[in-house]
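Below is the file protein18.cif, which contains mmCIF, C-alpha atoms and all ligand atoms.
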```
data_entry
loop_
_atom_site.label_atom_id
_atom_site.label_comp_id
_atom_site.auth_asym_id
_atom_site.auth_seq_id
_atom_site.Cartn_x
_atom_site.Cartn_y
_atom_site.Cartn_z
CA MET A 58 -27.39 -12.82 -16.73
CA ASN A 59 -26.99 -16.30 -18.22
CA LYS A 60 -24.89 -17.64 -15.32
CA LYS A 61 -26.26 -19.42 -12.27
CA THR A 62 -26.11 -17.59 -8.95
CA ILE A 63 -26.27 -18.76 -5.35
CA LYS A 64 -30.05 -18.45 -5.59
CA ASP A 65 -30.13 -21.22 -8.20
CA VAL A 66 -28.62 -23.91 -5.97
CA ASP A 67 -29.54 -25.55 -2.67
CA VAL A 68 -26.77 -24.56 -0.28
CA LYS A 69 -28.17 -26.01 2.96
CA GLY A 70 -25.56 -28.09 4.77
CA LYS A 71 -23.16 -27.72 1.82
CA LYS A 72 -19.56 -26.62 1.99
CA CYS A 73 -19.43 -23.47 -0.14
CA LEU A 74 -15.98 -22.23 -1.09
CA VAL A 75 -16.50 -18.55 -1.77
CA ARG A 76 -13.84 -16.50 -3.59
CA VAL A 77 -14.31 -12.96 -2.30
CA ASP A 78 -12.29 -9.80 -2.79
CA LEU A 79 -11.03 -8.90 0.69
CA ASN A 80 -7.97 -7.12 -0.71
CA VAL A 81 -8.50 -4.10 1.55
CA PRO A 82 -5.97 -1.32 2.04
CA MET A 83 -4.14 -1.70 5.37
CA LYS A 84 -1.70 0.42 7.33
CA ASN A 85 0.24 -1.15 10.21
CA GLY A 86 -2.24 -4.01 10.46
CA VAL A 87 -5.25 -1.67 10.54
CA ILE A 88 -7.86 -1.72 7.76
CA THR A 89 -8.14 1.79 6.28
CA ASP A 90 -11.10 1.23 3.92
CA GLU A 91 -13.80 -1.40 4.51
CA ASN A 92 -15.61 -1.06 1.18
CA ARG A 93 -14.53 -4.45 -0.11
CA ILE A 94 -15.53 -6.18 3.12
CA ASN A 95 -18.94 -4.54 2.94
CA GLY A 96 -19.25 -5.51 -0.72
CA ALA A 97 -18.76 -9.18 0.18
CA LEU A 98 -21.32 -9.23 3.02
CA PRO A 99 -24.60 -9.76 1.10
CA THR A 100 -23.40 -13.06 -0.39
CA ILE A 101 -21.85 -14.26 2.88
CA LYS A 102 -24.99 -13.41 4.88
CA TYR A 103 -27.27 -15.09 2.36
CA LEU A 104 -25.22 -18.29 2.51
CA MET A 105 -25.13 -18.21 6.34
CA ASP A 106 -28.88 -17.60 6.55
CA HIS A 107 -29.50 -20.53 4.20
CA GLY A 108 -27.48 -22.95 6.30
CA ALA A 109 -24.32 -23.26 4.22
CA LYS A 110 -20.85 -23.83 5.63
CA VAL A 111 -19.11 -20.76 4.26
CA ILE A 112 -15.41 -21.11 3.50
CA LEU A 113 -14.05 -17.76 2.36
CA CYS A 114 -10.85 -17.24 0.42
CA SER A 115 -9.12 -14.13 -0.93
CA HIS A 116 -5.77 -12.59 -1.72
CA LEU A 117 -4.40 -9.51 0.01
CA GLY A 118 -1.66 -7.33 -1.45
CA ARG A 119 1.36 -8.70 -3.28
CA PRO A 120 2.90 -11.04 -0.74
CA TYR A 121 5.81 -13.44 -0.96
CA ASN A 122 4.86 -17.09 -1.48
CA ILE A 123 5.79 -17.95 2.11
CA PHE A 124 3.86 -21.27 2.13
CA ASN A 125 6.19 -22.71 -0.52
CA GLU A 126 9.54 -24.28 0.21
CA LYS A 127 11.40 -21.62 -1.77
CA ILE A 128 10.39 -17.96 -1.60
CA LYS A 129 10.63 -16.39 -5.05
CA LYS A 130 11.30 -12.94 -6.50
CA ILE A 131 12.80 -11.17 -3.48
CA LYS A 132 12.37 -7.39 -3.85
CA PRO A 133 15.61 -5.36 -3.86
CA GLU A 134 14.79 -3.76 -0.49
CA ASP A 135 14.43 -7.23 1.11
CA GLU A 136 17.64 -8.71 -0.32
CA GLY A 137 19.67 -10.37 2.48
CA LEU A 138 16.72 -10.98 4.86
CA SER A 139 16.47 -14.50 6.28
CA ARG A 140 13.47 -16.70 5.52
CA GLU A 141 12.13 -16.09 9.05
CA GLU A 142 12.39 -12.33 8.54
CA LEU A 143 10.65 -12.50 5.15
CA VAL A 144 7.86 -14.62 6.63
CA ALA A 145 7.39 -12.26 9.57
CA LYS A 146 7.33 -9.21 7.29
CA THR A 147 4.85 -10.85 4.92
CA LEU A 148 2.52 -11.97 7.71
CA LYS A 149 2.56 -8.49 9.20
CA LYS A 150 1.64 -6.83 5.90
CA CYS A 151 -0.49 -9.38 4.10
CA SER A 152 -2.14 -11.77 6.56
CA LEU A 153 -5.93 -11.85 6.37
CA ARG A 154 -6.13 -12.23 10.18
CA PRO A 155 -7.22 -8.58 10.79
CA VAL A 156 -9.89 -8.99 8.10
CA ALA A 157 -11.17 -12.15 9.82
CA ALA A 158 -11.40 -10.22 13.08
CA ARG A 159 -13.43 -7.45 11.45
CA LEU A 160 -15.68 -9.95 9.64
CA ASN A 161 -16.24 -11.71 12.94
CA GLU A 162 -17.49 -8.45 14.47
CA LEU A 163 -19.78 -7.82 11.51
CA LEU A 164 -21.15 -11.39 11.42
CA GLY A 165 -22.03 -11.98 15.05
CA GLY A 166 -18.99 -13.97 16.15
CA LYS A 167 -19.43 -16.71 13.54
CA VAL A 168 -16.08 -16.29 11.79
CA THR A 169 -12.98 -18.40 12.45
CA PHE A 170 -9.59 -17.69 10.88
CA ALA A 171 -7.48 -20.52 9.43
CA GLU A 172 -3.74 -19.90 9.59
CA ASP A 173 -3.09 -21.71 6.35
CA VAL A 174 -4.93 -22.25 3.06
CA ILE A 175 -4.91 -25.98 2.35
CA GLY A 176 -2.88 -27.07 5.38
CA PRO A 177 -3.77 -28.81 8.67
CA ASP A 178 -5.27 -25.75 10.36
CA ALA A 179 -7.69 -25.07 7.48
CA LYS A 180 -8.65 -28.76 7.32
CA ALA A 181 -9.30 -28.98 11.06
CA LYS A 182 -11.31 -25.76 11.16
CA VAL A 183 -13.43 -26.70 8.15
CA ALA A 184 -14.06 -30.17 9.62
CA ALA A 185 -15.39 -28.54 12.81
CA MET A 186 -17.85 -26.24 11.01
CA LYS A 187 -21.57 -26.29 11.65
CA ASP A 188 -24.18 -25.04 9.20
CA GLY A 189 -24.09 -21.22 9.12
CA ASP A 190 -20.46 -21.00 10.27
CA VAL A 191 -17.78 -19.10 8.40
CA VAL A 192 -14.06 -19.89 8.04
CA LEU A 193 -11.71 -17.42 6.35
CA LEU A 194 -8.61 -19.09 4.91
CA GLU A 195 -5.24 -17.32 5.02
CA ASN A 196 -4.03 -15.30 2.00
CA LEU A 197 -4.22 -17.46 -1.15
CA ARG A 198 -1.13 -15.82 -2.64
CA PHE A 199 1.07 -17.17 0.15
CA HIS A 200 1.07 -20.12 -2.29
CA GLU A 201 2.60 -19.50 -5.71
CA GLU A 202 0.24 -22.17 -7.09
CA GLU A 203 -2.68 -19.73 -6.74
CA THR A 204 -1.67 -17.36 -9.54
CA LYS A 205 -0.23 -20.27 -11.55
CA ASN A 206 -3.64 -21.94 -11.52
CA ASP A 207 -1.95 -25.18 -10.47
CA GLU A 208 -4.24 -28.20 -10.79
CA GLY A 209 -2.97 -29.87 -7.60
CA PHE A 210 -3.67 -26.69 -5.64
CA CYS A 211 -7.14 -26.46 -7.17
CA ARG A 212 -7.77 -30.08 -6.10
CA ALA A 213 -6.65 -29.33 -2.54
CA LEU A 214 -8.91 -26.26 -2.37
CA ALA A 215 -11.77 -28.26 -3.84
CA GLU A 216 -11.69 -30.51 -0.76
CA PHE A 217 -13.53 -27.59 0.90
CA CYS A 218 -16.01 -27.33 -1.86
CA ASP A 219 -19.35 -28.89 -2.64
CA ILE A 220 -20.31 -25.64 -4.31
CA TYR A 221 -17.90 -23.05 -5.68
CA VAL A 222 -19.05 -19.44 -5.48
CA ASN A 223 -17.17 -16.64 -7.22
CA ASP A 224 -17.97 -13.18 -5.88
CA ALA A 225 -14.63 -11.47 -6.50
CA PHE A 226 -15.29 -9.20 -9.45
CA GLY A 227 -11.95 -7.43 -8.88
CA THR A 228 -10.05 -10.59 -9.88
CA ALA A 229 -12.58 -12.02 -12.35
CA HIS A 230 -10.27 -11.09 -15.27
CA ARG A 231 -7.61 -13.45 -13.89
CA ALA A 232 -7.50 -17.20 -14.48
CA HIS A 233 -6.09 -18.14 -11.09
CA ALA A 234 -6.81 -21.29 -9.07
CA SER A 235 -9.43 -19.68 -6.83
CA THR A 236 -10.96 -17.41 -9.48
CA ALA A 237 -11.41 -19.94 -12.25
CA GLY A 238 -9.31 -23.10 -11.91
CA ILE A 239 -11.50 -24.95 -9.42
CA ALA A 240 -14.45 -24.68 -11.79
CA GLN A 241 -12.41 -25.12 -14.99
CA TYR A 242 -11.07 -28.44 -13.74
CA GLY A 243 -14.63 -29.53 -12.90
CA LEU A 244 -13.84 -30.13 -9.24
CA CYS A 245 -17.16 -29.13 -7.67
CA LYS A 246 -20.82 -30.05 -7.98
CA ALA A 247 -21.78 -26.52 -8.96
CA ALA A 248 -20.03 -23.25 -9.78
CA VAL A 249 -22.13 -20.12 -9.33
CA ALA A 250 -21.88 -16.34 -9.01
CA GLY A 251 -22.38 -14.38 -5.82
CA PHE A 252 -24.44 -11.19 -5.61
CA LEU A 253 -21.56 -8.77 -6.23
CA ILE A 254 -20.55 -10.35 -9.53
CA GLU A 255 -24.21 -10.65 -10.48
CA LYS A 256 -24.75 -6.92 -9.86
CA GLU A 257 -21.61 -5.88 -11.78
CA LEU A 258 -22.58 -7.98 -14.79
CA GLU A 259 -26.20 -6.90 -14.79
CA ILE A 260 -25.45 -3.19 -14.58
CA MET A 261 -22.45 -3.02 -16.90
CA GLY A 262 -23.69 -5.77 -19.19
CA GLY A 263 -27.12 -4.13 -19.37
CA ALA A 264 -25.60 -0.80 -20.33
CA LEU A 265 -23.47 -2.34 -23.06
CA GLU A 266 -26.10 -4.64 -24.51
CA ASN A 267 -29.19 -2.56 -24.18
CA PRO A 268 -28.38 1.04 -23.27
CA VAL A 269 -31.00 3.70 -22.84
CA ARG A 270 -29.86 6.38 -25.31
CA PRO A 271 -28.14 8.76 -25.67
CA PHE A 272 -25.28 6.57 -24.45
CA VAL A 273 -22.10 8.49 -23.60
CA ALA A 274 -18.71 7.01 -22.72
CA ILE A 275 -15.98 9.12 -21.13
CA LEU A 276 -12.45 7.76 -21.34
CA GLY A 277 -9.41 9.32 -19.75
CA GLY A 278 -6.17 8.31 -18.11
CA ALA A 279 -2.61 8.11 -19.22
CA LYS A 280 -2.38 5.98 -22.34
CA VAL A 281 -4.34 5.23 -25.49
CA SER A 282 -2.52 1.90 -25.67
CA ASP A 283 -4.19 0.74 -22.41
CA LYS A 284 -7.64 1.51 -23.76
CA ILE A 285 -7.54 0.61 -27.46
CA GLY A 286 -9.79 -2.40 -26.94
CA VAL A 287 -12.25 -0.38 -24.89
CA ILE A 288 -12.39 2.45 -27.45
CA LYS A 289 -12.92 -0.03 -30.31
CA ASN A 290 -15.68 -1.88 -28.50
CA LEU A 291 -17.44 1.27 -27.28
CA LEU A 292 -17.35 2.88 -30.74
CA GLU A 293 -19.73 0.10 -31.81
CA LYS A 294 -22.19 0.99 -29.06
CA VAL A 295 -22.14 4.62 -27.93
CA ASP A 296 -23.66 7.79 -29.36
CA THR A 297 -20.91 10.01 -27.95
CA LEU A 298 -17.33 9.15 -27.02
CA ILE A 299 -15.53 11.71 -24.88
CA VAL A 300 -11.75 11.64 -24.49
CA GLY A 301 -9.74 13.36 -21.75
CA GLY A 302 -6.51 12.83 -19.84
CA ALA A 303 -3.12 12.39 -21.46
CA MET A 304 -4.77 10.03 -23.94
CA ALA A 305 -6.14 13.08 -25.75
CA TYR A 306 -2.70 14.27 -26.88
CA THR A 307 -2.12 11.26 -29.12
CA PHE A 308 -5.36 12.20 -30.87
CA PHE A 309 -4.21 15.86 -31.04
CA LYS A 310 -1.02 14.71 -32.73
CA ALA A 311 -3.10 12.70 -35.19
CA LYS A 312 -5.00 15.90 -36.01
CA GLY A 313 -1.70 17.68 -36.65
CA TYR A 314 -1.70 19.82 -33.49
CA GLU A 315 1.46 20.77 -31.62
CA VAL A 316 1.43 18.83 -28.32
CA GLY A 317 4.58 20.37 -26.78
CA THR A 318 6.09 18.13 -24.11
CA SER A 319 2.76 16.44 -23.27
CA LEU A 320 2.60 12.68 -22.80
CA CYS A 321 1.97 11.36 -26.31
CA GLU A 322 2.33 7.88 -27.80
CA LEU A 323 3.93 8.50 -31.17
CA ASP A 324 3.59 4.84 -32.16
CA LYS A 325 -0.18 5.10 -31.64
CA VAL A 326 -0.81 8.19 -33.77
CA ASP A 327 -1.87 6.16 -36.83
CA LEU A 328 -4.20 4.14 -34.65
CA ALA A 329 -5.69 7.36 -33.26
CA THR A 330 -6.36 8.49 -36.84
CA GLU A 331 -8.05 5.16 -37.58
CA LEU A 332 -10.19 5.37 -34.45
CA MET A 333 -11.37 8.88 -35.35
CA ALA A 334 -12.20 7.70 -38.87
CA LYS A 335 -14.14 4.78 -37.43
CA ALA A 336 -16.07 7.14 -35.15
CA ALA A 337 -16.99 9.29 -38.16
CA GLU A 338 -18.04 6.23 -40.16
CA LYS A 339 -20.24 4.98 -37.29
CA GLY A 340 -21.76 8.43 -36.74
CA VAL A 341 -20.37 8.56 -33.20
CA ASN A 342 -19.94 12.05 -31.80
CA PHE A 343 -16.23 11.99 -30.90
CA LEU A 344 -15.29 14.78 -28.49
CA LEU A 345 -11.75 15.91 -27.73
CA PRO A 346 -10.75 18.75 -25.38
CA VAL A 347 -11.11 22.17 -27.01
CA ASP A 348 -8.87 23.81 -24.42
CA THR A 349 -6.04 22.45 -22.33
CA VAL A 350 -4.41 23.38 -19.03
CA VAL A 351 -0.64 23.45 -19.53
CA ALA A 352 2.45 23.89 -17.33
CA ALA A 353 6.21 24.07 -17.90
CA THR A 354 6.88 20.74 -16.17
CA PHE A 355 5.09 17.82 -14.54
CA PRO A 356 4.52 18.71 -10.85
CA ASP A 357 7.08 17.22 -8.48
CA PRO A 358 5.88 16.06 -6.02
CA ILE A 359 2.75 15.15 -7.93
CA ASP A 360 0.53 17.16 -5.55
CA GLY A 361 3.00 20.06 -5.32
CA GLU A 362 2.46 23.63 -6.48
CA VAL A 363 2.25 24.18 -10.23
CA ASP A 364 1.92 27.32 -12.41
CA VAL A 365 -0.65 26.77 -15.12
CA GLU A 366 -2.35 28.55 -18.00
CA THR A 367 -5.18 27.48 -20.28
CA VAL A 368 -4.67 27.47 -24.04
CA PRO A 369 -6.76 26.36 -27.02
CA SER A 370 -5.97 22.70 -27.73
CA ASN A 371 -4.53 23.55 -31.15
CA ALA A 372 -2.16 26.12 -29.62
CA ILE A 373 -0.17 24.22 -27.00
CA PRO A 374 3.24 25.96 -26.75
CA ALA A 375 6.17 23.76 -27.85
CA ASP A 376 7.79 23.96 -24.39
CA LYS A 377 4.64 23.22 -22.35
CA MET A 378 2.81 20.03 -21.36
CA GLY A 379 -0.93 19.44 -21.15
CA LEU A 380 -2.06 18.29 -17.71
CA ASP A 381 -5.84 18.80 -17.57
CA ILE A 382 -8.87 19.82 -19.65
CA GLY A 383 -9.75 23.53 -19.64
CA GLU A 384 -12.99 25.23 -18.58
CA LYS A 385 -14.56 25.35 -22.07
CA THR A 386 -14.02 21.59 -22.36
CA GLN A 387 -15.48 21.04 -18.90
CA ALA A 388 -18.64 22.87 -20.01
CA LEU A 389 -18.78 20.96 -23.30
CA TYR A 390 -18.42 17.59 -21.58
CA ALA A 391 -20.92 18.51 -18.83
CA ASP A 392 -23.41 19.39 -21.55
CA ALA A 393 -22.98 16.03 -23.28
CA VAL A 394 -23.51 14.26 -19.96
CA LYS A 395 -26.53 16.38 -19.05
CA ASN A 396 -28.54 15.14 -22.01
CA ALA A 397 -27.40 11.53 -21.76
CA LYS A 398 -29.46 8.63 -20.45
CA THR A 399 -26.54 6.24 -19.88
CA VAL A 400 -22.97 7.27 -19.04
CA ILE A 401 -19.92 5.07 -18.54
CA TRP A 402 -16.74 6.72 -17.24
CA ASN A 403 -13.24 5.28 -16.98
CA GLY A 404 -10.08 7.30 -16.39
CA PRO A 405 -9.37 10.81 -15.01
CA MET A 406 -9.41 13.94 -17.20
CA GLY A 407 -6.06 15.19 -15.92
CA VAL A 408 -3.48 14.76 -13.19
CA PHE A 409 -6.23 14.61 -10.56
CA GLU A 410 -3.75 13.80 -7.79
CA ASN A 411 -2.84 17.52 -7.89
CA PRO A 412 -5.51 19.97 -6.61
CA THR A 413 -4.74 22.52 -9.38
CA LEU A 414 -5.01 19.85 -12.07
CA ALA A 415 -8.00 18.00 -10.63
CA LYS A 416 -10.54 20.57 -11.83
CA GLY A 417 -11.40 18.79 -15.07
CA THR A 418 -11.93 15.48 -13.29
CA ILE A 419 -14.00 17.20 -10.59
CA ALA A 420 -16.14 18.92 -13.24
CA VAL A 421 -16.87 15.60 -14.95
CA ALA A 422 -17.62 13.90 -11.62
CA LYS A 423 -19.97 16.75 -10.76
CA ALA A 424 -21.70 16.54 -14.14
CA LEU A 425 -22.26 12.83 -13.56
CA ALA A 426 -23.55 13.51 -10.06
CA ASP A 427 -26.04 16.06 -11.44
CA THR A 428 -27.40 14.14 -14.44
CA SER A 429 -30.48 11.96 -14.30
CA ALA A 430 -28.72 9.39 -16.51
CA THR A 431 -27.68 5.97 -15.29
CA THR A 432 -24.05 6.56 -14.32
CA ILE A 433 -21.48 3.78 -14.22
CA ILE A 434 -17.95 4.33 -13.02
CA GLY A 435 -15.30 1.82 -14.07
CA GLY A 436 -13.04 0.90 -11.15
CA GLY A 437 -9.52 2.17 -10.61
CA ASP A 438 -8.64 5.86 -10.70
CA SER A 439 -12.03 7.23 -11.71
CA ALA A 440 -13.71 5.28 -8.89
CA ALA A 441 -11.08 6.58 -6.46
CA ALA A 442 -11.60 10.14 -7.76
CA VAL A 443 -15.38 9.97 -7.41
CA LYS A 444 -15.09 8.65 -3.84
CA GLN A 445 -12.36 11.09 -2.85
CA LEU A 446 -14.43 14.00 -4.17
CA GLY A 447 -17.50 12.90 -2.19
CA PHE A 448 -19.74 12.02 -5.17
CA ALA A 449 -19.88 8.26 -4.61
CA ASP A 450 -23.49 8.12 -3.42
CA LYS A 451 -24.64 10.14 -6.47
CA MET A 452 -23.57 7.45 -8.95
CA THR A 453 -25.75 4.55 -10.04
CA HIS A 454 -22.85 2.10 -9.85
CA ILE A 455 -19.16 2.21 -9.04
CA SER A 456 -17.45 -0.93 -10.22
CA THR A 457 -15.34 -2.80 -7.67
CA GLY A 458 -12.87 -3.95 -10.32
CA GLY A 459 -10.46 -1.70 -12.23
CA GLY A 460 -8.83 -4.22 -14.56
CA ALA A 461 -11.93 -6.42 -14.64
CA SER A 462 -14.28 -3.58 -15.59
CA LEU A 463 -11.89 -2.44 -18.36
CA GLU A 464 -11.75 -5.95 -19.82
CA PHE A 465 -15.51 -6.21 -19.55
CA LEU A 466 -15.91 -2.89 -21.39
CA GLU A 467 -13.56 -4.26 -24.04
CA GLY A 468 -16.11 -6.99 -24.62
CA LEU A 469 -13.77 -9.73 -23.38
CA GLU A 470 -15.05 -12.78 -21.56
CA LEU A 471 -13.77 -12.79 -17.96
CA PRO A 472 -12.32 -16.20 -16.95
CA GLY A 473 -13.88 -15.88 -13.46
CA VAL A 474 -17.31 -15.59 -15.07
CA ALA A 475 -16.84 -17.90 -18.06
CA CYS A 476 -16.07 -20.80 -15.67
CA LEU A 477 -19.46 -20.57 -13.90
CA ASP A 478 -22.43 -22.82 -14.69
CA ASN A 479 -24.86 -21.56 -17.31
CA LYS A 480 -28.52 -21.19 -16.35
P1 LIG B 501 -4.86 5.32 -16.10
O1 LIG B 501 -4.18 4.45 -15.10
O2 LIG B 501 -4.52 5.05 -17.51
O3 LIG B 501 -6.35 5.45 -15.84
O4 LIG B 501 -4.23 6.78 -15.86
C1 LIG B 501 -4.39 7.48 -14.68
C2 LIG B 501 -3.23 8.42 -14.54
O5 LIG B 501 -3.19 9.28 -15.67
C3 LIG B 501 -3.35 9.30 -13.31
O6 LIG B 501 -2.31 9.01 -12.45
C4 LIG B 501 -3.22 10.71 -13.90
O7 LIG B 501 -2.38 11.55 -13.13
C5 LIG B 501 -2.60 10.47 -15.25
N1 LIG B 501 -2.92 11.56 -16.19
C6 LIG B 501 -4.12 12.02 -16.53
N2 LIG B 501 -4.00 13.07 -17.37
C7 LIG B 501 -2.69 13.28 -17.56
C8 LIG B 501 -1.94 14.21 -18.32
N3 LIG B 501 -2.56 15.14 -19.04
N4 LIG B 501 -0.59 14.13 -18.28
C9 LIG B 501 0.01 13.17 -17.56
N5 LIG B 501 -0.64 12.26 -16.81
C10 LIG B 501 -1.97 12.32 -16.81
#
```

Please express what this file holds, its structure, as structure tokens.
Amino acid sequence: MNKKTIKDVDVKGKKCLVRVDLNVPMKNGVITDENRINGALPTIKYLMDHGAKVILCSHLGRPYNIFNEKIKKIKPEDEGLSREELVAKTLKKCSLRPVAARLNELLGGKVTFAEDVIGPDAKAKVAAMKDGDVVLLENLRFHEEETKNDEGFCRALAEFCDIYVNDAFGTAHRAHASTAGIAQYGLCKAAVAGFLIEKELEIMGGALENPVRPFVAILGGAKVSDKIGVIKNLLEKVDTLIVGGAMAYTFFKAKGYEVGTSLCELDKVDLATELMAKAAEKGVNFLLPVDTVVAATFPDPIDGEVDVETVPSNAIPADKMGLDIGEKTQALYADAVKNAKTVIWNGPMGVFENPTLAKGTIAVAKALADTSATTIIGGGDSAAAVKQLGFADKMTHISTGGGASLEFLEGLELPGVACLDNK
């Protein structure tokens, strides 16, 4: 990696403002999944052990901007609530206080929570820090200036900052105040990556730049339009590109198949034709499902019972919709993965939220678990599927960022990385 990391700077006695991703799922004030907290620990511990003053900041959920004078964009269900009620509701759902409590348990009682971000409580608590102490600031998005990348807000945050550390890969594709602004505006002596961002870039960057071949990419999910950039970029790099999920039906349409009532982006059919032509021109093995699991309607509720049959992909009945890949396709895709040396996967093969329609996604997850290839799972739904199915520890790397990993696979420069000091 060509960016400096925390190992490249002397952090002793320095105030390090560390943007972490502590956006953990919570229910009634209780953390239901600690993965993101655990992912942030190596960087925090390193900084503590090396005598830094560690000032942590993160967002959590999609809160109202309760630290501004006027609260904006009230959701329909909250219409008519008083300011006090909105503040109380927001604090209950989106305060980082429970995360600070858990971090404090994990870090030997060294963590203090600040009840604001750039206000008097944060200032007082940072001023009282000794080397090796940790302060977690309240939710950054209680200020609307965070997502607006407001310079004044960056300047106020930078008061806590000799060294800026970005370790939040999950928000590295955003140019917000805490993810890029502080460094963009040149407000700190150094801007470096933490260990989580370093690991993400080394593993995914390594696979893209210098893959051990055969290199296979598996793309699924709902829409071709979400993944055009990724498909284009990967067609330049992979030996085999595998398509599953609803995305496949736009390609079926381009091949002249009947797609019935399946999800299909008619305005992307020409693009699908172009992408297949490009694959042929590049000599990329482009695999589409050979058989498809169909049903009369989309399951409602999504995990409810559904009557299905499997048909050849070029024989989808006009009144049926495709909802998963069939068994022949599962075997074909497993075979491609078996002989691969590097595999990147992003997006489910079908409506995996439904047990009957999760079989294709499970088969692909299992094939990845069984192969000796380096296996990289883009964040989002495929990461959730792999974890939910119990295959997480069989993968080489599961990215912590859904949107960020997609943009990285597109070959885009992430603002949260671009802003860091070069080596
Ligand atoms: P994405 O966010 O683009 O990765 O898409 C994930 C969503 O695509 C999941 O919620 C899946 O249920 C959905 N999906 C996958 N395959 C299909 C399909 N054949 N028909 C409709 N939705 C699908």

Build an axis-aligned box that encloses every atom of ligand LIG 501 (chain B) listed in the file, pad it by 3 Å on each side, and report its centre and edge lengths in Å to one decimal, as AutoDock Vina command-line options.
```
--center_x -3.2 --center_y 9.8 --center_z -15.7 --size_x 12.4 --size_y 16.7 --size_z 12.6
```

So, counting all atoms listed in the file, which residue among A:Ala179, A:Ala422, A:Val341, A:Leu117 is closest to Val81 in chain A?
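Smallest separation from Val81 in chain A among the options: A:Leu117.
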
Ref. answer, residues at most 10 Å from (-14.5, 24.0, -22.9) with all atoms listed in the file, as an MDAnalysis selection string
chainID A and resid 345:349 369:370 382:391 417

Under the rule of at most 10 Å, produce a per-residue listing of chain A near ligand LIG 501 (chain B): chain, number, name, the closest pair of atoms, and the distance in Å, as a Markdown table, using only C-alpha atoms and all ligand atoms.
```
| residue | atom | partner | partner_atom | distance |
| --- | --- | --- | --- | --- |
| A:Leu276 | CA | B:LIG501 | O3 | 8.5 |
| A:Gly277 | CA | B:LIG501 | O3 | 6.3 |
| A:Gly278 | CA | B:LIG501 | O4 | 3.3 |
| A:Ala279 | CA | B:LIG501 | O5 | 3.8 |
| A:Lys280 | CA | B:LIG501 | O2 | 5.4 |
| A:Val281 | CA | B:LIG501 | O2 | 8.0 |
| A:Ser282 | CA | B:LIG501 | O2 | 9.0 |
| A:Asp283 | CA | B:LIG501 | O2 | 6.5 |
| A:Lys284 | CA | B:LIG501 | O2 | 7.8 |
| A:Gly301 | CA | B:LIG501 | N2 | 7.2 |
| A:Gly302 | CA | B:LIG501 | N2 | 3.5 |
| A:Ala303 | CA | B:LIG501 | N3 | 3.7 |
| A:Met304 | CA | B:LIG501 | N2 | 7.3 |
| A:Ala305 | CA | B:LIG501 | N3 | 7.9 |
| A:Tyr306 | CA | B:LIG501 | N3 | 7.9 |
| A:Thr318 | CA | B:LIG501 | N4 | 9.7 |
| A:Ser319 | CA | B:LIG501 | N4 | 6.4 |
| A:Leu320 | CA | B:LIG501 | N4 | 5.7 |
| A:Cys321 | CA | B:LIG501 | N4 | 8.9 |
| A:Thr349 | CA | B:LIG501 | N3 | 8.7 |
| A:Val350 | CA | B:LIG501 | N3 | 8.4 |
| A:Val351 | CA | B:LIG501 | N3 | 8.5 |
| A:Phe355 | CA | B:LIG501 | C9 | 7.5 |
| A:Pro356 | CA | B:LIG501 | C9 | 9.8 |
| A:Ile359 | CA | B:LIG501 | O7 | 8.1 |
| A:Asp360 | CA | B:LIG501 | O7 | 9.9 |
| A:Met378 | CA | B:LIG501 | N4 | 7.5 |
| A:Gly379 | CA | B:LIG501 | N3 | 5.1 |
| A:Leu380 | CA | B:LIG501 | N3 | 3.5 |
| A:Asp381 | CA | B:LIG501 | N3 | 5.1 |
| A:Ile382 | CA | B:LIG501 | N3 | 7.9 |
| A:Asn403 | CA | B:LIG501 | O3 | 7.0 |
| A:Gly404 | CA | B:LIG501 | O3 | 4.2 |
| A:Pro405 | CA | B:LIG501 | C6 | 5.6 |
| A:Met406 | CA | B:LIG501 | N2 | 5.5 |
| A:Gly407 | CA | B:LIG501 | N2 | 3.3 |
| A:Val408 | CA | B:LIG501 | O7 | 3.4 |
| A:Phe409 | CA | B:LIG501 | O7 | 5.5 |
| A:Glu410 | CA | B:LIG501 | O7 | 6.0 |
| A:Asn411 | CA | B:LIG501 | O7 | 8.0 |
| A:Leu414 | CA | B:LIG501 | N2 | 8.7 |
| A:Ala415 | CA | B:LIG501 | O7 | 8.9 |
| A:Gly417 | CA | B:LIG501 | N2 | 9.6 |
| A:Thr418 | CA | B:LIG501 | C6 | 9.1 |
| A:Gly435 | CA | B:LIG501 | O3 | 9.8 |
| A:Gly436 | CA | B:LIG501 | O3 | 9.4 |
| A:Gly437 | CA | B:LIG501 | O3 | 6.9 |
| A:Asp438 | CA | B:LIG501 | O3 | 5.6 |
| A:Ser439 | CA | B:LIG501 | O3 | 7.2 |
| A:Ala442 | CA | B:LIG501 | C3 | 10.0 |
| A:Gly459 | CA | B:LIG501 | O3 | 9.0 |
| A:Gly460 | CA | B:LIG501 | O1 | 9.9 |
| A:Leu463 | CA | B:LIG501 | O3 | 10.0 |
```

Do you know which residues are at most 9 Å from range 160-176 of chain A counting all atoms listed in the file, after dropping those on the same chain fewer than 6 positions away, and could you put them as a list in words?
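Surrounding residues, per the criterion: Ile94, Leu98, Lys102, Cys114, Phe124, Ser152, Leu153, Arg154, Lys182, Val183, Gly189, Asp190, Val191, Val192, Leu193, Leu194, Glu195, Asn196, Leu197, Phe199, His200, Phe210, Ala213, Leu214, Glu216 and Phe217 of chain A.
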
So the first atom is CA of Gly70 in chain A and the second is CA of Asp224 in chain A; what is the distance between them in Å, to one decimal place?
19.8 Å

Need the shell around range 328-334 of chain A: protein/DNA/RNA residues with any atom at most 9 Å away, counting all atoms listed in the file. Skip same-chain ones fewer than 4 positions apart. Format as an MDAnalysis selection string?
chainID A and resid 281 285 288:289 292 307:312 324 338:339 343
